[in-house]
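Participant: Contents of work_25.cif (mmCIF, C-alpha atoms and all ligand atoms) are below:
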data_my_file
loop_
_atom_site.label_atom_id
_atom_site.label_comp_id
_atom_site.auth_asym_id
_atom_site.auth_seq_id
_atom_site.Cartn_x
_atom_site.Cartn_y
_atom_site.Cartn_z
CA MET A 14 15.55 -11.72 12.97
CA LYS A 15 14.16 -9.39 15.62
CA ASP A 16 17.67 -8.50 16.78
CA LYS A 17 18.76 -7.02 13.45
CA ASP A 18 18.28 -3.47 12.26
CA PHE A 19 15.57 -2.79 9.67
CA LYS A 20 18.07 -1.96 6.90
CA THR A 21 19.99 -5.18 7.51
CA LYS A 22 16.78 -7.18 7.41
CA CYS A 23 15.87 -5.55 4.08
CA ILE A 24 19.14 -6.69 2.57
CA HIS A 25 19.54 -10.14 4.09
CA GLY A 26 15.88 -11.06 4.42
CA TYR A 27 14.89 -14.25 6.09
CA ASP A 28 17.69 -16.38 7.52
CA GLN A 29 16.64 -19.75 6.17
CA ALA A 30 19.05 -21.16 3.57
CA TYR A 31 17.34 -23.31 0.93
CA ASP A 32 20.50 -23.70 -1.00
CA THR A 33 23.84 -25.36 -0.37
CA THR A 34 25.91 -23.49 -2.96
CA GLY A 35 26.33 -20.33 -0.94
CA ALA A 36 24.41 -18.22 -3.48
CA VAL A 37 24.23 -14.68 -2.11
CA SER A 38 21.05 -13.93 -4.03
CA VAL A 39 18.05 -16.07 -3.12
CA PRO A 40 17.60 -18.73 -5.84
CA ILE A 41 14.47 -18.62 -8.00
CA PHE A 42 12.83 -22.00 -7.47
CA GLN A 43 11.10 -22.15 -10.82
CA SER A 44 9.32 -25.41 -10.09
CA ALA A 45 5.57 -26.02 -10.16
CA THR A 46 5.84 -29.15 -8.06
CA PHE A 47 8.18 -30.88 -5.60
CA SER A 48 8.86 -34.61 -5.37
CA HIS A 49 8.10 -36.55 -2.21
CA ILE A 50 10.79 -38.50 -0.41
CA GLY A 51 8.34 -41.21 0.57
CA LEU A 52 4.71 -41.98 1.15
CA GLY A 53 3.27 -39.50 3.61
CA GLN A 54 6.52 -37.54 3.62
CA SER A 55 7.17 -34.01 2.36
CA THR A 56 10.12 -31.65 2.20
CA GLY A 57 7.67 -28.97 3.32
CA PHE A 58 7.09 -28.08 -0.31
CA ASP A 59 4.46 -29.92 -2.36
CA TYR A 60 3.06 -27.66 -5.06
CA SER A 61 3.90 -24.02 -5.80
CA ARG A 62 0.34 -22.73 -5.38
CA LEU A 63 0.69 -23.83 -1.74
CA GLN A 64 4.36 -23.19 -1.00
CA ASN A 65 7.42 -22.11 -2.93
CA PRO A 66 10.83 -21.47 -1.34
CA THR A 67 11.45 -18.16 -3.16
CA ARG A 68 8.00 -16.86 -2.30
CA GLU A 69 8.40 -18.08 1.27
CA HIS A 70 11.61 -16.09 1.58
CA LEU A 71 9.72 -12.96 0.54
CA GLU A 72 6.82 -13.71 2.89
CA LYS A 73 9.07 -14.23 5.90
CA THR A 74 11.10 -11.13 5.07
CA VAL A 75 8.05 -8.86 4.83
CA ALA A 76 6.53 -10.43 7.97
CA SER A 77 9.73 -9.67 9.82
CA LEU A 78 9.86 -6.06 8.55
CA GLU A 79 6.22 -5.52 9.58
CA GLU A 80 6.68 -7.30 12.96
CA GLY A 81 4.00 -9.86 12.06
CA VAL A 82 3.96 -13.65 12.61
CA ASP A 83 3.91 -14.42 8.89
CA ALA A 84 2.78 -13.11 5.52
CA ILE A 85 1.22 -14.39 2.31
CA ALA A 86 2.32 -13.10 -1.10
CA PHE A 87 -0.19 -12.67 -3.93
CA SER A 88 -0.03 -11.92 -7.63
CA THR A 89 -1.30 -8.35 -7.07
CA GLY A 90 -2.40 -6.08 -4.25
CA MET A 91 -6.01 -6.55 -5.35
CA ALA A 92 -5.59 -10.36 -5.22
CA ALA A 93 -4.45 -9.96 -1.60
CA ILE A 94 -7.44 -7.77 -0.69
CA THR A 95 -9.93 -9.99 -2.55
CA THR A 96 -8.62 -13.08 -0.76
CA LEU A 97 -8.87 -11.33 2.60
CA MET A 98 -12.46 -10.28 1.86
CA ALA A 99 -13.45 -13.95 1.51
CA HIS A 100 -13.06 -14.14 5.29
CA PHE A 101 -16.28 -12.11 5.67
CA LYS A 102 -19.79 -13.55 5.49
CA PRO A 103 -23.18 -12.15 4.50
CA GLY A 104 -24.41 -9.84 7.25
CA ASP A 105 -20.91 -8.92 8.43
CA HIS A 106 -20.36 -5.19 8.74
CA ILE A 107 -17.14 -3.33 7.88
CA ILE A 108 -16.26 0.27 8.62
CA ALA A 109 -13.88 1.57 5.95
CA SER A 110 -12.01 4.77 5.08
CA GLU A 111 -14.11 6.80 2.66
CA ASP A 112 -11.04 7.79 0.68
CA LEU A 113 -9.75 4.47 -0.61
CA TYR A 114 -7.58 3.15 -3.40
CA GLY A 115 -9.94 2.99 -6.43
CA GLY A 116 -9.66 -0.79 -6.83
CA SER A 117 -10.55 -1.41 -3.17
CA HIS A 118 -13.49 0.99 -3.55
CA ARG A 119 -14.67 -0.97 -6.60
CA LEU A 120 -14.27 -4.35 -4.86
CA PHE A 121 -16.21 -3.26 -1.76
CA HIS A 122 -18.98 -1.44 -3.64
CA THR A 123 -19.61 -4.17 -6.15
CA ILE A 124 -18.52 -7.70 -5.30
CA SER A 125 -18.36 -7.54 -1.48
CA MET A 126 -21.73 -5.79 -1.19
CA GLN A 127 -23.26 -8.19 -3.70
CA ASN A 128 -22.00 -11.00 -1.44
CA GLY A 129 -23.93 -9.51 1.46
CA VAL A 130 -21.17 -7.67 3.35
CA GLU A 131 -22.37 -4.31 4.70
CA PHE A 132 -20.21 -1.20 4.76
CA ASP A 133 -20.08 2.19 6.33
CA PHE A 134 -17.60 4.50 4.63
CA LEU A 135 -16.36 7.48 6.57
CA ASP A 136 -13.35 9.59 7.38
CA THR A 137 -11.64 7.19 9.80
CA SER A 138 -9.57 10.08 11.18
CA ASP A 139 -12.83 10.98 12.97
CA LEU A 140 -12.71 8.62 15.98
CA HIS A 141 -16.18 9.53 17.23
CA GLY A 142 -17.55 8.90 13.77
CA VAL A 143 -15.97 5.44 13.77
CA GLU A 144 -17.20 4.69 17.29
CA SER A 145 -20.76 5.68 16.42
CA LYS A 146 -20.83 3.18 13.54
CA VAL A 147 -19.63 0.15 15.52
CA LYS A 148 -22.45 -2.36 15.95
CA ALA A 149 -22.92 -6.00 16.97
CA THR A 150 -22.23 -7.25 13.44
CA THR A 151 -19.10 -5.13 12.91
CA LYS A 152 -16.27 -7.47 11.98
CA ALA A 153 -13.56 -5.12 10.72
CA ILE A 154 -12.27 -1.61 10.43
CA TYR A 155 -10.45 -1.10 7.15
CA VAL A 156 -8.06 1.81 7.06
CA GLU A 157 -5.69 3.42 4.58
CA THR A 158 -3.41 5.96 6.22
CA PRO A 159 -2.48 8.29 4.70
CA THR A 160 -5.30 7.81 2.20
CA ASN A 161 -5.08 7.75 -1.54
CA PRO A 162 -5.24 10.42 -2.94
CA MET A 163 -6.43 12.88 -0.26
CA MET A 164 -3.81 12.01 2.40
CA GLN A 165 -6.24 11.73 5.32
CA VAL A 166 -4.47 10.35 8.38
CA THR A 167 -5.98 7.88 10.84
CA ASP A 168 -4.75 7.31 14.38
CA ILE A 169 -4.10 3.55 14.20
CA GLY A 170 -3.45 3.18 17.94
CA ALA A 171 -6.61 5.07 18.90
CA ILE A 172 -8.76 2.88 16.61
CA ALA A 173 -7.15 -0.25 18.09
CA GLU A 174 -7.96 1.06 21.57
CA LEU A 175 -11.56 1.77 20.54
CA ILE A 176 -12.21 -1.85 19.49
CA LYS A 177 -10.09 -3.50 22.19
CA GLY A 178 -11.72 -6.66 23.56
CA LYS A 179 -14.17 -6.82 20.66
CA GLU A 180 -13.95 -9.37 17.87
CA ILE A 181 -13.23 -6.71 15.29
CA LEU A 182 -10.23 -6.87 12.99
CA LEU A 183 -8.17 -3.78 12.35
CA ILE A 184 -6.92 -3.93 8.77
CA VAL A 185 -4.41 -1.35 7.55
CA ASP A 186 -3.32 -0.84 3.94
CA ASN A 187 0.30 0.24 4.47
CA THR A 188 1.22 0.59 0.79
CA PHE A 189 2.05 4.31 0.96
CA LEU A 190 4.47 4.26 3.90
CA THR A 191 5.79 0.68 4.00
CA PRO A 192 7.19 -0.74 7.25
CA TYR A 193 10.18 1.56 6.85
CA PHE A 194 8.02 4.48 8.02
CA GLN A 195 5.07 2.78 9.71
CA LYS A 196 4.51 -0.64 11.34
CA PRO A 197 0.74 -0.83 12.00
CA ILE A 198 0.94 -4.16 13.90
CA LEU A 199 2.96 -2.46 16.64
CA PHE A 200 0.00 -0.09 17.10
CA GLY A 201 -2.65 -2.82 17.23
CA ALA A 202 -3.43 -3.72 13.61
CA ASP A 203 -4.36 -7.38 12.97
CA VAL A 204 -3.69 -7.43 9.23
CA VAL A 205 -1.41 -5.26 7.10
CA ILE A 206 -1.95 -5.02 3.35
CA HIS A 207 0.60 -4.12 0.70
CA SER A 208 0.45 -3.55 -2.95
CA GLY A 209 4.02 -4.84 -3.42
CA THR A 210 3.79 -3.32 -6.90
CA LYS A 211 4.51 0.05 -5.33
CA PHE A 212 7.31 0.89 -2.86
CA LEU A 213 8.28 -2.67 -1.86
CA GLY A 214 9.06 -3.65 -5.46
CA GLY A 215 10.00 -0.07 -6.16
CA HIS A 216 10.89 -0.26 -9.86
CA ASN A 217 7.54 -0.12 -11.68
CA ASP A 218 8.28 -3.53 -13.16
CA THR A 219 6.36 -6.12 -11.11
CA LEU A 220 2.85 -6.59 -9.75
CA ALA A 221 2.57 -8.12 -6.27
CA GLY A 222 0.47 -8.07 -3.12
CA LEU A 223 1.01 -9.08 0.50
CA LEU A 224 -1.01 -9.71 3.63
CA VAL A 225 0.86 -9.68 6.94
CA PHE A 226 -0.74 -11.10 10.09
CA LYS A 227 -0.48 -10.46 13.80
CA ASN A 228 -1.83 -13.87 14.80
CA VAL A 229 -1.51 -17.41 13.53
CA ALA A 230 -5.21 -18.38 13.56
CA LEU A 231 -6.22 -15.76 10.99
CA LEU A 232 -3.06 -16.42 8.97
CA GLU A 233 -3.96 -20.13 8.70
CA GLU A 234 -7.52 -19.35 7.67
CA ILE A 235 -6.41 -16.93 4.96
CA ARG A 236 -3.70 -19.34 3.74
CA TYR A 237 -6.46 -21.88 3.21
CA ILE A 238 -8.46 -19.35 1.17
CA ALA A 239 -5.30 -18.28 -0.69
CA LYS A 240 -4.45 -21.82 -1.77
CA THR A 241 -8.07 -22.29 -2.84
CA PHE A 242 -8.31 -19.03 -4.83
CA GLY A 243 -4.82 -19.55 -6.27
CA ALA A 244 -3.75 -15.94 -6.91
CA CYS A 245 -0.22 -16.63 -5.64
CA LEU A 246 2.93 -14.71 -6.58
CA SER A 247 5.21 -16.47 -9.09
CA PRO A 248 8.77 -17.43 -8.05
CA PHE A 249 10.35 -14.93 -10.43
CA ASP A 250 8.11 -12.06 -9.32
CA SER A 251 8.79 -13.03 -5.69
CA TRP A 252 12.49 -12.68 -6.44
CA LEU A 253 11.98 -9.25 -8.04
CA ILE A 254 10.20 -8.02 -4.91
CA ILE A 255 12.94 -9.50 -2.70
CA ARG A 256 15.47 -7.60 -4.79
CA GLY A 257 13.42 -4.40 -4.57
CA ILE A 258 13.22 -4.62 -0.79
CA LYS A 259 17.02 -4.67 -0.50
CA THR A 260 17.02 -0.94 -1.30
CA LEU A 261 13.72 -0.08 0.41
CA ALA A 262 15.21 1.94 3.25
CA ILE A 263 17.49 4.03 1.08
CA ARG A 264 14.79 4.62 -1.53
CA MET A 265 12.18 5.65 1.05
CA GLU A 266 14.58 8.13 2.63
CA HIS A 267 15.68 9.71 -0.61
CA GLN A 268 12.22 9.81 -2.20
CA GLN A 269 10.84 11.46 0.93
CA LYS A 270 13.61 14.07 0.89
CA SER A 271 12.78 14.94 -2.71
CA ALA A 272 9.03 14.92 -1.99
CA ILE A 273 9.47 17.48 0.78
CA ALA A 274 11.41 19.74 -1.58
CA VAL A 275 8.83 19.35 -4.36
CA ALA A 276 5.90 19.92 -1.95
CA GLU A 277 7.52 23.10 -0.60
CA TRP A 278 8.15 24.36 -4.11
CA LEU A 279 4.60 23.53 -5.26
CA ASP A 280 3.20 25.35 -2.25
CA GLN A 281 4.69 28.59 -3.59
CA GLN A 282 3.32 28.32 -7.12
CA THR A 283 0.33 30.49 -8.01
CA TRP A 284 -1.08 27.80 -10.33
CA VAL A 285 -1.31 25.35 -7.40
CA LYS A 286 -4.39 25.93 -5.26
CA ASN A 287 -3.74 23.22 -2.68
CA VAL A 288 -0.92 20.85 -1.81
CA TYR A 289 -1.80 17.64 0.04
CA TYR A 290 1.32 16.16 1.59
CA SER A 291 1.20 14.59 5.04
CA GLY A 292 4.70 15.89 5.77
CA CYS A 293 3.55 19.54 5.70
CA SER A 294 3.35 20.66 9.34
CA SER A 295 0.16 22.56 8.44
CA SER A 296 -1.57 19.43 7.10
CA ALA A 297 -4.54 18.11 9.09
CA GLY A 298 -3.00 14.75 9.97
CA TYR A 299 0.55 15.87 10.71
CA GLU A 300 0.46 15.49 14.51
CA ILE A 301 -1.42 12.19 14.43
CA MET A 302 0.95 10.80 11.87
CA LYS A 303 3.94 11.58 14.05
CA LYS A 304 2.47 9.21 16.68
CA HIS A 305 2.82 6.08 14.57
CA ALA A 306 4.99 6.95 11.61
CA THR A 307 8.64 7.90 11.45
CA GLY A 308 8.26 9.56 8.07
CA PHE A 309 5.70 10.88 5.61
CA GLY A 310 6.56 9.16 2.34
CA SER A 311 6.71 10.60 -1.13
CA MET A 312 3.11 10.89 -2.32
CA ILE A 313 1.80 14.37 -3.03
CA SER A 314 -1.59 15.42 -4.37
CA ILE A 315 -2.15 18.90 -5.79
CA GLU A 316 -5.21 20.85 -6.76
CA LEU A 317 -4.57 23.07 -9.77
CA ASP A 318 -6.04 26.55 -10.18
CA LYS A 319 -8.04 25.65 -13.28
CA VAL A 320 -9.14 22.53 -15.08
CA GLU A 321 -7.58 23.68 -18.41
CA ARG A 322 -4.15 23.38 -16.82
CA VAL A 323 -4.59 19.66 -16.17
CA LYS A 324 -4.05 18.72 -19.82
CA THR A 325 -1.11 21.17 -20.10
CA VAL A 326 0.66 19.60 -17.14
CA LEU A 327 -0.07 15.97 -17.98
CA GLU A 328 1.03 16.37 -21.59
CA GLY A 329 3.84 18.77 -20.79
CA VAL A 330 5.88 16.71 -18.33
CA LYS A 331 9.01 15.19 -19.84
CA VAL A 332 10.92 13.66 -16.92
CA ILE A 333 7.89 12.77 -14.83
CA GLN A 334 5.71 10.26 -16.62
CA PHE A 335 1.93 10.45 -16.97
CA ALA A 336 1.04 6.98 -15.73
CA GLU A 337 -0.89 5.15 -13.05
CA SER A 338 0.87 3.53 -10.10
CA LEU A 339 3.33 4.89 -7.58
CA GLY A 340 6.27 4.14 -5.36
CA GLY A 341 8.86 3.36 -8.02
CA VAL A 342 12.20 4.96 -8.82
CA GLU A 343 10.54 6.72 -11.79
CA SER A 344 8.40 9.72 -10.81
CA LEU A 345 4.82 9.40 -12.03
CA ILE A 346 1.90 11.79 -12.28
CA THR A 347 -1.68 10.52 -12.22
CA TYR A 348 -5.09 12.04 -12.84
CA PRO A 349 -7.25 10.27 -10.22
CA SER A 350 -10.63 11.37 -11.60
CA THR A 351 -10.09 9.56 -14.93
CA GLN A 352 -7.56 6.93 -13.85
CA THR A 353 -7.29 5.36 -10.39
CA HIS A 354 -10.62 6.71 -9.12
CA ALA A 355 -12.64 6.78 -12.36
CA ASP A 356 -15.17 4.24 -11.06
CA ILE A 357 -16.26 6.51 -8.21
CA PRO A 358 -19.37 8.58 -9.13
CA GLU A 359 -18.54 12.21 -9.94
CA GLU A 360 -20.59 13.69 -7.12
CA GLU A 361 -18.94 11.42 -4.55
CA ARG A 362 -15.52 12.26 -5.97
CA ASN A 363 -16.11 16.00 -5.72
CA GLU A 364 -17.32 15.67 -2.14
CA LYS A 365 -14.06 13.96 -1.23
CA GLY A 366 -11.95 16.54 -3.01
CA ILE A 367 -11.04 14.24 -5.92
CA THR A 368 -12.03 16.98 -8.33
CA ASP A 369 -11.20 17.46 -12.01
CA CYS A 370 -8.32 19.71 -10.88
CA LEU A 371 -6.60 17.10 -8.69
CA LEU A 372 -3.33 15.48 -9.73
CA ARG A 373 -1.32 12.93 -7.77
CA LEU A 374 2.45 12.76 -7.85
CA SER A 375 4.70 9.90 -6.85
CA ILE A 376 8.19 11.27 -6.41
CA GLY A 377 10.94 8.91 -7.54
CA LEU A 378 14.71 9.02 -7.50
CA GLU A 379 15.51 11.43 -10.32
CA ASP A 380 17.54 14.55 -9.57
CA ILE A 381 15.40 16.93 -7.55
CA GLU A 382 16.22 19.98 -9.69
CA ASP A 383 15.21 18.07 -12.82
CA LEU A 384 11.84 17.24 -11.23
CA ILE A 385 11.12 20.83 -10.23
CA LYS A 386 12.26 22.20 -13.59
CA ASP A 387 10.04 19.66 -15.31
CA LEU A 388 6.96 20.70 -13.36
CA GLU A 389 7.78 24.36 -13.93
CA GLN A 390 8.01 24.03 -17.72
CA ALA A 391 4.96 21.70 -17.86
CA ALA A 392 2.70 24.09 -15.95
CA GLY A 393 3.05 26.61 -18.76
CA GLY A 394 3.40 29.74 -16.67
CA GLN A 395 0.58 31.83 -15.24
C1 LIG B 401 -2.07 -0.01 -6.00
C2 LIG B 401 -2.76 -0.14 -4.71
C3 LIG B 401 -3.51 -1.28 -4.38
C4 LIG B 401 -3.74 -2.41 -5.38
O1 LIG B 401 -2.56 -3.05 -5.73
P1 LIG B 401 -2.27 -3.74 -7.16
O2 LIG B 401 -0.93 -4.33 -6.97
O3 LIG B 401 -2.33 -2.67 -8.19
O4 LIG B 401 -3.35 -4.76 -7.38
C5 LIG B 401 -4.08 -1.34 -3.12
N1 LIG B 401 -3.94 -0.34 -2.23
C6 LIG B 401 -3.23 0.77 -2.51
C7 LIG B 401 -3.10 1.84 -1.48
C8 LIG B 401 -2.62 0.92 -3.75
O5 LIG B 401 -1.92 2.03 -4.03
#
Would you put the structure from the file into structure tokens?
Facilitator:
Amino acid sequence: MKDKDFKTKCIHGYDQAYDTTGAVSVPIFQSATFSHIGLGQSTGFDYSRLQNPTREHLEKTVASLEEGVDAIAFSTGMAAITTLMAHFKPGDHIIASEDLYGGSHRLFHTISMQNGVEFDFLDTSDLHGVESKVKATTKAIYVETPTNPMMQVTDIGAIAELIKGKEILLIVDNTFLTPYFQKPILFGADVVIHSGTKFLGGHNDTLAGLLVFKNVALLEEIRYIAKTFGACLSPFDSWLIIRGIKTLAIRMEHQQKSAIAVAEWLDQQTWVKNVYYSGCSSSAGYEIMKKHATGFGSMISIELDKVERVKTVLEGVKVIQFAESLGGVESLITYPSTQTHADIPEEERNEKGITDCLLRLSIGLEDIEDLIKDLEQAAGGQ
């Protein structure tokens, strides 16, 4: 697969044919179990919690797009992250981005800590800060870049260099950019996380998660945990993500183009105090991002001038929908402080900039003029 272009790989996926009919679309192997040809013999498929041909097609396709050795598909992004966290033991120390997806924040602060894993949360774009926190028990650095929702950018390659030769895993949640714009493994990441629910699936219709690995030993260990926990992706949902990925490249390009136009327009509005978009050349992470990403994606956060306008905008949008999630063909607007990041204490939220005036936009594939007009009418003037 390595010889094919990214777009071709998105469409044709993994080369293995499990079917003799010539079906152009990967068949959905809706089977819980697989019969054995003889005692001690297997077709390679035994039970769908362990392996399923449709899911395997998705796993190999995403692994190939991310330049990893293999991948494991889960029922949700959180199932993927929870399974990965079972690798860590009491006393292990993890350095993580302070600005994290709300569910990851909740998992780390409650269950992982309760299980004895220690954390330091900081702005991982600050390399010296990260270096100063590394200690003998440090087992992983967990990074989202750009972060959700504040768009902080971390230099993946520089972090990999910092921990070179140490037994520390570099884990990157690549949900926002997807391998179309950023391939963390090429810059030294050991594990790449995806909420497949977002850009990979791309249609706001399926939940899914993926872990992609740089090396086989960790993959095998996590596969063992995955088959034990059992939060695997169903054959039908695997197929929906496979279908979504076929248009990944074209969607990412177009959504980014619209996001740039929307961000530029927002930047000129008096009712917008701040625009956070990593594609703005004035944004803090712009230069770093250009080192390891070929694009900036289509996520924009904005700080409004006054809290009263939040309700006006959220209830006033007609094309853009007021809903959680991101990355689909439908544009969505989210209010992080009451939705995705509601579990983070208010003081901590304010410190990070996730204030009561912050809204997050995921730009979809609607007509760009319709999106801008929608925001204009929803904002309700000056
Ligand atoms: C949505 C999301 C997740 C969690 O994925 P689910 O599929 O909703 O469980 C993890 N990380 C990021 C960056 C996300 O946006």
Participant: Counting all atoms listed in the file, which of A:Ser117, A:Thr56, A:Thr150, A:Gln195 gets nearest to A:Leu78?
Facilitator: A:Gln195
Participant: Within 7 Å of ligand LIG 401 (chain B), which residues show up when you count only C-alpha atoms and all ligand atoms? List them as a list in words, please.
Facilitator: Thr89, Gly90, Met91, Ala92, Tyr114, Gly116, Ser117, Glu157, Asn161, Asp186, Thr188, Phe189, His207, Ser208, Gly209, Thr210, Lys211, Leu220, Ala221, Gly222, Ser338 and Leu339 of chain A
Participant: Name the closest residue to A:Ala392 among the candidates A:Trp284, A:Tyr237, A:Phe309, A:Phe19; distances are taken between atoms, counting all atoms listed in the file.
Facilitator: A:Trp284
Participant: In Å, with one decimal, what is the gap from atom CA of A:Gln165 to atom CA of A:Gly298?
Facilitator: 6.4 Å
Participant: Please, which residues in stretch 164-221 of chain A fall within 7 Å of stretch 241-255 of chain A when counting all atoms listed in the file, and what is the closest atom pair and distance in Å to one decimal for each, ordered by chain then residue number, as a Markdown table?
Facilitator:
| residue | atom | partner | partner_atom | distance |
| --- | --- | --- | --- | --- |
| A:Leu213 | CA | A:Ile254 | CA | 6.5 |
| A:Gly214 | CA | A:Ile254 | CA | 4.5 |
| A:Thr219 | CA | A:Asp250 | CA | 6.4 |
| A:Ala221 | CA | A:Leu246 | CA | 6.6 |
Participant: Select, from A:Asn217, A:Ser61, A:Gln29, A:Thr160, the residue with the minimum atom-to-atom distance to A:Met312, counting all atoms listed in the file.
Facilitator: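 Among A:Asn217, A:Ser61, A:Gln29, A:Thr160, it is A:Thr160 that comes nearest to A:Met312.
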